[in-house]
file my_file_17.tsv (TSV, C-alpha atoms and all ligand atoms)
chain	number	residue	atom	x	y	z
R	463	MET	CA	85.90	85.50	98.41
R	464	LYS	CA	87.39	88.86	97.64
R	465	TYR	CA	87.77	90.83	100.89
R	466	ALA	CA	89.63	90.47	104.18
R	467	ILE	CA	88.87	93.06	106.81
R	468	ILE	CA	91.92	93.59	109.01
R	469	PRO	CA	91.18	95.62	112.16
R	470	ALA	CA	94.32	97.57	113.05
R	471	ALA	CA	93.14	100.69	114.85
R	472	GLY	CA	94.35	99.75	118.35
R	473	LEU	CA	96.85	102.10	119.99
R	474	ALA	CA	98.99	99.29	121.41
R	475	THR	CA	99.55	101.04	124.73
R	476	ARG	CA	101.12	97.81	126.01
R	477	PHE	CA	103.96	98.39	123.56
R	478	LEU	CA	104.71	102.00	124.48
R	479	PRO	CA	107.14	103.63	123.94
R	480	ALA	CA	107.82	101.42	120.88
R	481	SER	CA	104.31	102.07	119.52
R	482	LYS	CA	104.43	105.85	120.06
R	483	CYS	CA	105.07	106.68	116.39
R	484	VAL	CA	105.26	103.29	114.68
R	485	PRO	CA	102.07	101.19	114.35
R	486	LYS	CA	102.70	97.90	116.15
R	487	GLU	CA	101.43	96.06	113.05
R	488	LEU	CA	104.64	97.23	111.37
R	489	PHE	CA	106.96	95.91	114.07
R	490	PRO	CA	109.15	93.32	112.39
R	491	VAL	CA	108.77	89.64	113.06
R	492	PHE	CA	112.32	88.66	112.12
R	493	ASP	CA	112.51	90.10	108.60
R	494	LYS	CA	109.12	91.60	107.74
R	495	PRO	CA	106.32	93.50	109.46
R	496	ALA	CA	103.75	91.48	111.40
R	497	ILE	CA	100.94	92.72	109.13
R	498	GLN	CA	102.68	91.36	106.03
R	499	TYR	CA	102.34	87.81	107.38
R	500	ILE	CA	98.59	88.39	107.69
R	501	VAL	CA	98.28	89.76	104.16
R	502	GLU	CA	100.36	86.88	102.78
R	503	GLU	CA	98.11	84.44	104.62
R	504	SER	CA	95.04	86.07	103.05
R	505	VAL	CA	96.57	86.03	99.55
R	506	ASP	CA	97.41	82.34	100.00
R	507	ALA	CA	93.72	81.71	100.77
R	508	GLY	CA	92.68	83.40	97.50
R	509	ILE	CA	91.70	86.81	98.93
R	510	THR	CA	92.39	89.72	96.58
R	511	ALA	CA	91.52	92.85	98.59
R	512	ALA	CA	92.43	93.95	102.11
R	513	VAL	CA	90.54	96.60	104.07
R	514	PHE	CA	92.69	97.89	106.92
R	515	VAL	CA	90.61	99.47	109.65
R	516	THR	CA	93.02	102.00	111.12
R	517	GLY	CA	93.18	105.14	113.21
R	518	THR	CA	95.22	108.32	113.36
R	519	GLY	CA	98.96	107.71	113.06
R	520	LYS	CA	98.52	104.36	111.33
R	521	GLU	CA	98.82	105.58	107.74
R	522	ALA	CA	102.14	103.76	107.29
R	523	ILE	CA	100.31	100.40	107.25
R	524	LEU	CA	98.76	101.22	103.88
R	525	ASP	CA	102.04	102.74	102.67
R	526	HIS	CA	103.77	99.43	103.30
R	527	PHE	CA	101.67	97.88	100.53
R	528	ASP	CA	102.21	100.80	98.14
R	529	VAL	CA	105.07	101.25	95.67
R	530	ILE	CA	108.38	101.99	97.36
R	531	ASP	CA	109.58	105.56	97.82
R	532	PRO	CA	112.00	106.45	94.98
R	533	LYS	CA	114.54	107.63	97.59
R	534	PHE	CA	115.58	103.95	97.94
R	535	PRO	CA	118.27	103.05	95.39
R	536	LEU	CA	116.38	100.00	94.11
R	537	SER	CA	118.85	99.25	91.34
R	538	LYS	CA	121.61	98.83	93.93
R	539	LEU	CA	119.72	96.28	96.00
R	540	GLU	CA	120.40	92.56	95.91
R	541	ASN	CA	117.99	90.89	93.48
R	542	ASN	CA	116.15	88.91	96.13
R	543	VAL	CA	115.62	91.99	98.33
R	544	ARG	CA	114.40	94.03	95.36
R	545	THR	CA	111.91	91.32	94.41
R	546	GLU	CA	110.62	91.16	97.99
R	547	VAL	CA	110.10	94.91	98.09
R	548	GLU	CA	108.59	95.18	94.62
R	549	LYS	CA	106.04	92.42	95.18
R	550	LEU	CA	104.42	94.36	98.03
R	551	SER	CA	102.43	96.76	95.85
R	552	SER	CA	101.04	94.02	93.64
R	553	MET	CA	100.22	91.30	96.16
R	554	ILE	CA	96.80	92.66	97.14
R	555	LYS	CA	94.47	95.58	96.47
R	556	ALA	CA	94.77	97.45	99.76
R	557	VAL	CA	92.52	100.19	101.11
R	558	SER	CA	92.31	101.77	104.51
R	559	VAL	CA	89.32	103.15	106.41
R	560	LYS	CA	89.42	105.02	109.69
R	561	GLN	CA	87.63	103.92	112.82
R	562	GLU	CA	86.99	107.32	114.39
R	563	ALA	CA	86.50	106.01	117.93
R	564	PRO	CA	87.56	102.80	119.75
R	565	LEU	CA	84.06	101.32	119.95
R	566	GLY	CA	85.06	97.67	119.76
R	567	LEU	CA	85.89	94.88	117.35
R	568	GLY	CA	82.29	94.59	116.09
R	569	HIS	CA	82.30	98.28	115.27
R	570	ALA	CA	85.68	97.97	113.49
R	571	VAL	CA	84.29	95.18	111.30
R	572	LEU	CA	81.22	97.27	110.47
R	573	VAL	CA	83.42	100.22	109.51
R	574	GLY	CA	85.60	97.94	107.38
R	575	ALA	CA	82.61	96.36	105.66
R	576	GLY	CA	81.93	99.58	103.71
R	577	PRO	CA	83.38	98.30	100.40
R	578	VAL	CA	81.98	94.77	100.91
R	579	LYS	CA	78.77	94.24	98.99
R	580	ASP	CA	76.44	91.27	99.27
R	581	GLU	CA	79.22	88.71	99.56
R	582	SER	CA	81.05	86.63	102.15
R	583	PHE	CA	84.24	88.08	103.54
R	584	ALA	CA	87.05	87.28	105.97
R	585	VAL	CA	88.07	89.03	109.17
R	586	MET	CA	91.67	88.54	110.25
R	587	LEU	CA	92.98	89.90	113.54
R	588	PRO	CA	96.59	90.92	112.99
R	589	ASP	CA	97.59	90.33	116.62
R	590	MET	CA	97.23	86.62	116.06
R	591	LEU	CA	99.98	85.23	113.89
R	592	VAL	CA	99.04	81.82	112.55
R	593	ILE	CA	102.00	80.04	111.00
R	594	SER	CA	101.18	76.85	109.16
R	595	LYS	CA	103.76	74.13	108.87
R	596	GLY	CA	101.53	72.00	106.64
R	597	LYS	CA	100.69	72.41	102.97
R	598	ASP	CA	97.50	74.42	103.51
R	599	SER	CA	97.11	77.31	105.91
R	600	ALA	CA	94.24	77.40	108.40
R	601	MET	CA	92.72	80.28	106.41
R	602	LYS	CA	92.84	78.23	103.22
R	603	LYS	CA	91.10	75.30	104.91
R	604	MET	CA	88.46	77.69	106.24
R	605	THR	CA	87.91	79.08	102.74
R	606	GLU	CA	87.43	75.55	101.41
R	607	LEU	CA	84.94	74.67	104.15
R	608	HIS	CA	83.04	77.88	103.41
R	609	LYS	CA	82.97	77.09	99.68
R	610	GLU	CA	81.63	73.58	100.38
R	611	THR	CA	78.95	74.60	102.88
R	612	GLY	CA	78.19	78.29	102.23
R	613	LYS	CA	78.31	78.79	106.02
R	614	SER	CA	80.24	81.19	108.22
R	615	VAL	CA	83.42	79.53	109.50
R	616	ILE	CA	85.32	80.49	112.65
R	617	ALA	CA	88.85	79.21	113.42
R	618	LEU	CA	89.20	77.63	116.85
R	619	MET	CA	92.12	76.43	118.93
R	620	LYS	CA	92.34	74.41	122.11
R	621	ILE	CA	93.66	76.46	125.03
R	622	PRO	CA	94.47	75.74	128.68
R	623	HIS	CA	91.39	76.29	130.87
R	624	GLU	CA	92.97	79.13	132.85
R	625	LYS	CA	93.38	81.19	129.64
R	626	LYS	CA	89.66	81.28	128.84
R	627	SER	CA	89.14	84.81	130.11
R	628	SER	CA	91.43	86.14	127.34
R	629	TYR	CA	89.40	84.76	124.41
R	630	GLY	CA	85.99	84.22	122.92
R	631	ILE	CA	85.04	80.64	123.84
R	632	VAL	CA	82.60	78.40	121.96
R	633	GLU	CA	80.71	75.18	122.55
R	634	GLY	CA	79.36	73.01	119.75
R	635	ILE	CA	78.28	69.71	118.25
R	636	LYS	CA	80.91	67.61	116.48
R	637	VAL	CA	80.44	67.42	112.70
R	638	ASN	CA	83.70	65.60	111.99
R	639	GLU	CA	87.17	65.38	113.49
R	640	ASN	CA	88.03	69.07	113.08
R	641	THR	CA	84.67	70.70	112.49
R	642	ILE	CA	81.88	71.59	114.89
R	643	GLU	CA	78.56	73.32	114.55
R	644	ILE	CA	78.78	76.12	117.09
R	645	THR	CA	75.91	76.19	119.58
R	646	LYS	CA	77.17	78.67	122.16
R	647	MET	CA	79.61	81.57	122.27
R	648	MET	CA	80.90	83.64	125.15
R	649	GLU	CA	83.29	86.57	125.08
R	650	LYS	CA	86.07	86.15	127.67
R	651	PRO	CA	84.20	83.98	130.20
R	652	THR	CA	85.57	82.97	133.58
R	653	PRO	CA	86.97	79.41	133.57
R	654	CYS	CA	83.90	78.08	135.44
R	655	ASP	CA	81.37	79.56	132.97
R	656	THR	CA	82.01	76.75	130.47
R	657	GLU	CA	83.64	73.34	130.23
R	658	SER	CA	84.80	74.07	126.69
R	659	ASN	CA	88.39	75.06	125.97
R	660	LEU	CA	87.80	75.97	122.32
R	661	ALA	CA	88.92	79.55	121.77
R	662	ILE	CA	88.31	81.87	118.83
R	663	VAL	CA	91.67	82.39	117.13
R	664	GLY	CA	91.04	85.65	115.26
R	665	ARG	CA	90.26	84.22	111.81
R	666	TYR	CA	86.66	84.40	110.63
R	667	ILE	CA	84.72	83.97	107.38
R	668	PHE	CA	81.28	85.55	107.49
R	669	THR	CA	78.23	85.48	105.30
R	670	PRO	CA	77.01	89.05	104.60
R	671	GLU	CA	74.20	88.59	107.18
R	672	ILE	CA	76.66	89.60	109.92
R	673	ILE	CA	76.81	93.16	108.55
R	674	GLU	CA	73.06	93.65	109.03
R	675	ILE	CA	73.36	92.24	112.55
R	676	LEU	CA	76.30	94.48	113.46
R	677	LYS	CA	74.30	97.55	112.47
R	678	SER	CA	71.96	96.92	115.41
R	679	THR	CA	74.33	95.24	117.90
R	680	LYS	CA	74.34	97.12	121.21
R	681	PRO	CA	77.53	97.67	123.25
R	682	GLY	CA	78.32	94.59	125.37
R	683	LYS	CA	81.32	93.58	127.48
R	684	GLY	CA	83.52	96.58	128.31
R	685	GLY	CA	80.95	98.95	126.77
R	686	GLU	CA	82.19	97.95	123.29
R	687	ILE	CA	80.32	96.59	120.29
R	688	GLN	CA	81.46	92.99	120.46
R	689	LEU	CA	81.86	90.88	117.33
R	690	THR	CA	81.09	87.83	119.48
R	691	ASP	CA	77.64	89.26	120.40
R	692	ALA	CA	76.85	89.71	116.70
R	693	MET	CA	78.02	86.15	116.07
R	694	VAL	CA	75.59	84.87	118.72
R	695	GLU	CA	72.76	86.51	116.78
R	696	LEU	CA	74.16	85.14	113.51
R	697	MET	CA	74.00	81.67	115.07
R	698	ASN	CA	70.31	82.22	115.86
R	699	ARG	CA	69.67	82.94	112.19
R	700	GLU	CA	71.92	80.43	110.42
R	701	LYS	CA	74.41	77.61	111.00
R	702	VAL	CA	77.91	78.76	112.04
R	703	LEU	CA	80.78	76.28	111.77
R	704	GLY	CA	83.96	76.09	113.82
R	705	LEU	CA	87.16	74.69	112.32
R	706	ILE	CA	89.59	73.48	114.98
R	707	ILE	CA	93.02	74.28	113.68
R	708	ASP	CA	95.34	71.34	113.99
R	709	ASP	CA	98.91	70.81	115.14
R	710	ASP	CA	100.18	71.90	111.74
R	711	ASN	CA	99.62	75.46	112.91
R	712	LEU	CA	101.46	77.57	115.43
R	713	VAL	CA	99.54	80.49	116.88
R	714	PHE	CA	101.40	83.45	118.39
R	715	ASP	CA	99.56	86.20	120.22
R	716	THR	CA	101.80	89.05	119.14
R	717	GLY	CA	99.60	91.52	121.03
R	718	ASN	CA	101.68	90.81	124.12
R	719	GLY	CA	105.43	91.20	124.47
R	720	GLU	CA	106.22	87.55	125.16
R	721	GLY	CA	104.13	86.24	122.26
R	722	PHE	CA	105.75	88.78	119.97
R	723	VAL	CA	109.26	87.73	120.95
R	724	LEU	CA	108.36	84.04	120.64
R	725	ALA	CA	107.06	84.65	117.11
R	726	ASN	CA	110.40	86.27	116.31
R	727	VAL	CA	112.35	83.39	117.81
R	728	TYR	CA	110.32	80.80	115.90
R	729	THR	CA	110.69	82.66	112.62
R	730	ALA	CA	114.41	83.14	113.21
R	731	LEU	CA	114.79	79.41	113.91
R	732	GLN	CA	113.11	78.71	110.59
R	733	LYS	CA	115.00	81.23	108.51
R	734	SER	CA	118.51	81.29	109.91
R	735	SER	CA	120.57	78.13	110.16
R	736	SER	CA	122.94	79.59	112.76
R	737	PHE	CA	120.26	81.10	115.01
R	738	SER	CA	119.58	78.02	117.09
R	739	ALA	CA	123.23	77.59	118.21
R	740	LYS	CA	123.57	81.31	118.99
R	741	ALA	CA	120.31	81.37	120.97
R	742	LEU	CA	121.41	78.34	122.98
R	743	ALA	CA	124.74	80.00	123.77
R	744	ILE	CA	122.91	83.09	125.04
R	745	MET	CA	120.59	80.99	127.19
R	746	GLU	CA	123.53	79.11	128.67
R	747	LYS	CA	125.31	82.35	129.44
R	748	TYR	CA	122.13	83.80	130.93
R	749	ASP	CA	121.75	80.74	133.07
R	750	THR	CA	125.36	80.97	134.27
R	751	LEU	CA	124.99	84.63	135.14
R	752	ASN	CA	121.73	84.15	137.00
R	753	ARG	CA	122.21	80.86	138.80
R	754	SER	CA	122.02	81.16	142.58
R	755	LYS	CA	125.28	81.92	144.31
R	756	PHE	CA	124.74	78.86	146.47
R	757	ASP	CA	124.43	76.25	143.79
R	758	LYS	CA	126.82	73.49	142.87
R	759	ARG	CA	129.58	75.49	141.27
R	760	PRO	CA	133.18	74.23	141.41
R	761	TRP	CA	135.22	75.01	144.47
R	762	GLY	CA	137.51	77.49	142.74
R	763	TRP	CA	134.63	79.51	141.39
R	764	TRP	CA	133.11	79.85	144.82
R	765	ARG	CA	136.39	80.90	146.34
R	766	SER	CA	137.00	83.65	143.84
R	767	LEU	CA	133.45	84.94	144.19
R	768	ASP	CA	133.78	84.97	147.95
R	769	PHE	CA	137.04	86.72	147.82
R	770	GLU	CA	135.88	89.36	145.38
R	771	GLU	CA	132.64	90.10	147.12
R	772	GLY	CA	134.03	89.87	150.64
R	773	SER	CA	130.55	89.09	151.86
R	774	PHE	CA	130.46	87.70	155.39
R	775	GLN	CA	127.37	85.65	154.75
R	776	VAL	CA	128.75	84.01	151.65
R	777	LYS	CA	132.05	83.38	153.40
R	778	HIS	CA	130.30	81.76	156.29
R	779	ILE	CA	128.37	79.38	154.09
R	780	PHE	CA	131.51	78.77	152.07
R	781	VAL	CA	133.47	77.79	155.12
R	782	ALA	CA	130.69	75.61	156.44
Q	801	LIG	C1	89.31	89.27	120.19
Q	801	LIG	C2	87.95	88.58	120.16
Q	801	LIG	C3	88.02	87.24	120.88
Q	801	LIG	C4	89.12	86.39	120.26
Q	801	LIG	C5	90.44	87.15	120.31
Q	801	LIG	C6	91.53	86.39	119.56
Q	801	LIG	O1	89.61	89.66	121.50
Q	801	LIG	O2	86.98	89.44	120.75
Q	801	LIG	O3	86.78	86.59	120.78
Q	801	LIG	O4	89.24	85.18	120.95
Q	801	LIG	O5	90.32	88.43	119.69
Q	801	LIG	O6	92.72	87.05	119.76
Q	801	LIG	P1	90.79	90.73	121.82
Q	801	LIG	O7	92.04	89.94	121.88
Q	801	LIG	O8	90.79	91.72	120.70
Q	801	LIG	O9	90.41	91.33	123.13

call {"tool": "encode", "arguments": {"input": "my_file_17.tsv", "output": "structure tokens", "more": "lines below"}}
Ligand code: G1P
result
Amino acid sequence: MKYAIIPAAGLATRFLPASKCVPKELFPVFDKPAIQYIVEESVDAGITAAVFVTGTGKEAILDHFDVIDPKFPLSKLENNVRTEVEKLSSMIKAVSVKQEAPLGLGHAVLVGAGPVKDESFAVMLPDMLVISKGKDSAMKKMTELHKETGKSVIALMKIPHEKKSSYGIVEGIKVNENTIEITKMMEKPTPCDTESNLAIVGRYIFTPEIIEILKSTKPGKGGEIQLTDAMVELMNREKVLGLIIDDDNLVFDTGNGEGFVLANVYTALQKSSSFSAKALAIMEKYDTLNRSKFDKRPWGWWRSLDFEEGSFQVKHIFVA
């Protein structure tokens, strides 16, 4: 499999003002941009070309995978930093196509499929950071399953029932411990629409049939051309498999602030030996600063607080 289509045209209004001039895909997760993790994941799975589907103001995404601007004094950099920077332009063949209007994920995939001929390809949503602790990444396992079966493969994860309305949800028949044949798909259902808690993670491998389907897919939920609607039609035409990603993988939804920070914290914990102690110290300090004034602090602490603040109410409780 040669191509990964990486839809990255979203404006990231949730991240304003940070996303005003800088594409959110280039926000750093600890020491490298979020999009680089996605590209590295694709390279690890044997993919050799990335098609970024972008919009106005997102040109820097492609630049990140180009040779470095000569203004940087490369010869003065530490060897390991220089190697990291120099590898970027050779890790993957990267191209970028523009999605002229925000018509949905299905539309983005269709736009990105331009260079893809009659061959299977991957779609990787950069908002979902999948970090594998095991030997093989989820994407690699998906590629292997696709090679074995020739079928489209969708990555799935188990989510709490109340989160269903944020994801595409599938139902299916068990093939083996981690694989199902998908029988039903719904885009962002309400929790009572389905018993299933298997959510689409944002990693897909498609047979080329999906491109034909997308060409005639009508706008669905939210007036957008939904990839999930095209997948429902794909399922009517051929078998679609779901691979449930196991506990060896951590999934961070970096499309929201909390998920983004958590991805940073996890990566920092992995890469810096002193981070954990420093983070704990901050949390302790935070806790001390924010604990209720009426908790079980030592007598002396209470007295000084009372005295400083001169608050009648606090004094009253103190005396009592
Ligand atoms: C998209 C897909 C959804 C999938 C999700 C994963 O939704 O439409 O099926 O579960 O990505 O993040 P979005 O988050 O773009 O609204």

call {"tool": "residues_near_ligand", "arguments": {"input": "my_file_17.tsv", "ligand": "ligand LIG 801 (chain Q)", "cutoff": "10 Å", "atoms": "only C-alpha atoms and all ligand atoms", "output": "ChimeraX atom specification"}}
result
/R:469,472,566-568,586-591,617-619,626-632,647-650,660-665,683,687-691,693,713-718

call {"tool": "atom_distance", "arguments": {"input": "my_file_17.tsv", "atom1": "atom CA of R:Leu473", "atom2": "atom CA of R:Pro485"}}
result
7.7 Å

call {"tool": "closest_residue", "arguments": {"input": "my_file_17.tsv", "among": "R:Ile500, R:Met745, R:Val547, R:Val515", "to": "R:Ser594", "atoms": "all atoms listed in the file"}}
result
R:Ile500

call {"tool": "residues_near_point", "arguments": {"input": "my_file_17.tsv", "point": "(97.1, 109.5, 112.4)", "cutoff": "10 Å", "atoms": "all atoms listed in the file", "output": "PDB file with C-alpha atoms, in the coordinates of the input"}}
result
ATOM      1  CA  ALA R 471      93.140 100.690 114.850  1.00  0.00           C
ATOM      2  CA  CYS R 483     105.070 106.680 116.390  1.00  0.00           C
ATOM      3  CA  PRO R 485     102.070 101.190 114.350  1.00  0.00           C
ATOM      4  CA  THR R 516      93.020 102.000 111.120  1.00  0.00           C
ATOM      5  CA  GLY R 517      93.180 105.140 113.210  1.00  0.00           C
ATOM      6  CA  THR R 518      95.220 108.320 113.360  1.00  0.00           C
ATOM      7  CA  GLY R 519      98.960 107.710 113.060  1.00  0.00           C
ATOM      8  CA  LYS R 520      98.520 104.360 111.330  1.00  0.00           C
ATOM      9  CA  GLU R 521      98.820 105.580 107.740  1.00  0.00           C
ATOM     10  CA  ALA R 522     102.140 103.760 107.290  1.00  0.00           C
ATOM     11  CA  LYS R 560      89.420 105.020 109.690  1.00  0.00           C
TER      12      LYS R 560
END

call {"tool": "atom_distance", "arguments": {"input": "my_file_17.tsv", "atom1": "atom CA of R:Ala741", "atom2": "atom CA of R:Asn726"}}
result
12.0 Å

call {"tool": "build_atoms", "arguments": {"input": "my_file_17.tsv", "residues": "stretch 613-632 of chain R", "atoms": "N, CA, C and O atoms", "output": "compact mmCIF listing (two decimals), in the coordinates of the input"}}
result
# COMPACT_ATOMS: atom_id res chain seq x y z
N LYS R 613 78.53 78.29 104.66
CA LYS R 613 78.31 78.79 106.02
C LYS R 613 79.45 79.67 106.51
O LYS R 613 80.57 79.59 106.00
N SER R 614 79.17 80.46 107.55
CA SER R 614 80.24 81.19 108.22
C SER R 614 81.15 80.18 108.91
O SER R 614 80.66 79.17 109.44
N VAL R 615 82.45 80.46 108.91
CA VAL R 615 83.42 79.53 109.50
C VAL R 615 84.35 80.31 110.44
O VAL R 615 84.91 81.34 110.05
N ILE R 616 84.48 79.82 111.65
CA ILE R 616 85.32 80.49 112.65
C ILE R 616 86.47 79.55 113.00
O ILE R 616 86.23 78.37 113.29
N ALA R 617 87.71 80.06 113.02
CA ALA R 617 88.85 79.21 113.42
C ALA R 617 88.90 79.10 114.93
O ALA R 617 88.72 80.09 115.65
N LEU R 618 89.15 77.88 115.40
CA LEU R 618 89.20 77.63 116.85
C LEU R 618 90.49 76.93 117.22
O LEU R 618 91.05 76.19 116.40
N MET R 619 90.95 77.18 118.44
CA MET R 619 92.12 76.43 118.93
C MET R 619 91.86 76.00 120.36
O MET R 619 91.10 76.65 121.08
N LYS R 620 92.49 74.88 120.73
CA LYS R 620 92.34 74.41 122.11
C LYS R 620 93.31 75.19 123.00
O LYS R 620 94.49 75.32 122.65
N ILE R 621 92.79 75.71 124.12
CA ILE R 621 93.66 76.46 125.03
C ILE R 621 93.58 75.88 126.44
O ILE R 621 92.61 75.20 126.77
N PRO R 622 94.57 76.18 127.29
CA PRO R 622 94.47 75.74 128.68
C PRO R 622 93.29 76.45 129.35
O PRO R 622 93.00 77.62 129.04
N HIS R 623 92.62 75.74 130.27
CA HIS R 623 91.39 76.29 130.87
C HIS R 623 91.60 77.66 131.52
O HIS R 623 90.75 78.53 131.42
N GLU R 624 92.77 77.86 132.13
CA GLU R 624 92.97 79.13 132.85
C GLU R 624 93.10 80.33 131.91
O GLU R 624 93.09 81.48 132.34
N LYS R 625 93.23 80.07 130.60
CA LYS R 625 93.38 81.19 129.64
C LYS R 625 92.05 81.65 129.05
O LYS R 625 92.01 82.55 128.21
N LYS R 626 90.96 81.00 129.47
CA LYS R 626 89.66 81.28 128.84
C LYS R 626 89.25 82.75 128.87
O LYS R 626 88.61 83.24 127.96
N SER R 627 89.63 83.43 129.97
CA SER R 627 89.14 84.81 130.11
C SER R 627 89.86 85.77 129.16
O SER R 627 89.61 86.97 129.17
N SER R 628 90.76 85.27 128.31
CA SER R 628 91.43 86.14 127.34
C SER R 628 90.83 85.99 125.94
O SER R 628 91.25 86.69 125.02
N TYR R 629 89.89 85.07 125.76
CA TYR R 629 89.40 84.76 124.41
C TYR R 629 87.88 84.65 124.36
O TYR R 629 87.23 84.50 125.39
N GLY R 630 87.36 84.66 123.13
CA GLY R 630 85.99 84.22 122.92
C GLY R 630 86.01 82.70 122.95
O GLY R 630 86.90 82.08 122.38
N ILE R 631 85.06 82.11 123.69
CA ILE R 631 85.04 80.64 123.84
C ILE R 631 83.72 80.11 123.24
O ILE R 631 82.67 80.75 123.39
N VAL R 632 83.81 78.96 122.56
CA VAL R 632 82.60 78.40 121.96
C VAL R 632 82.36 76.98 122.45
O VAL R 632 83.28 76.27 122.87
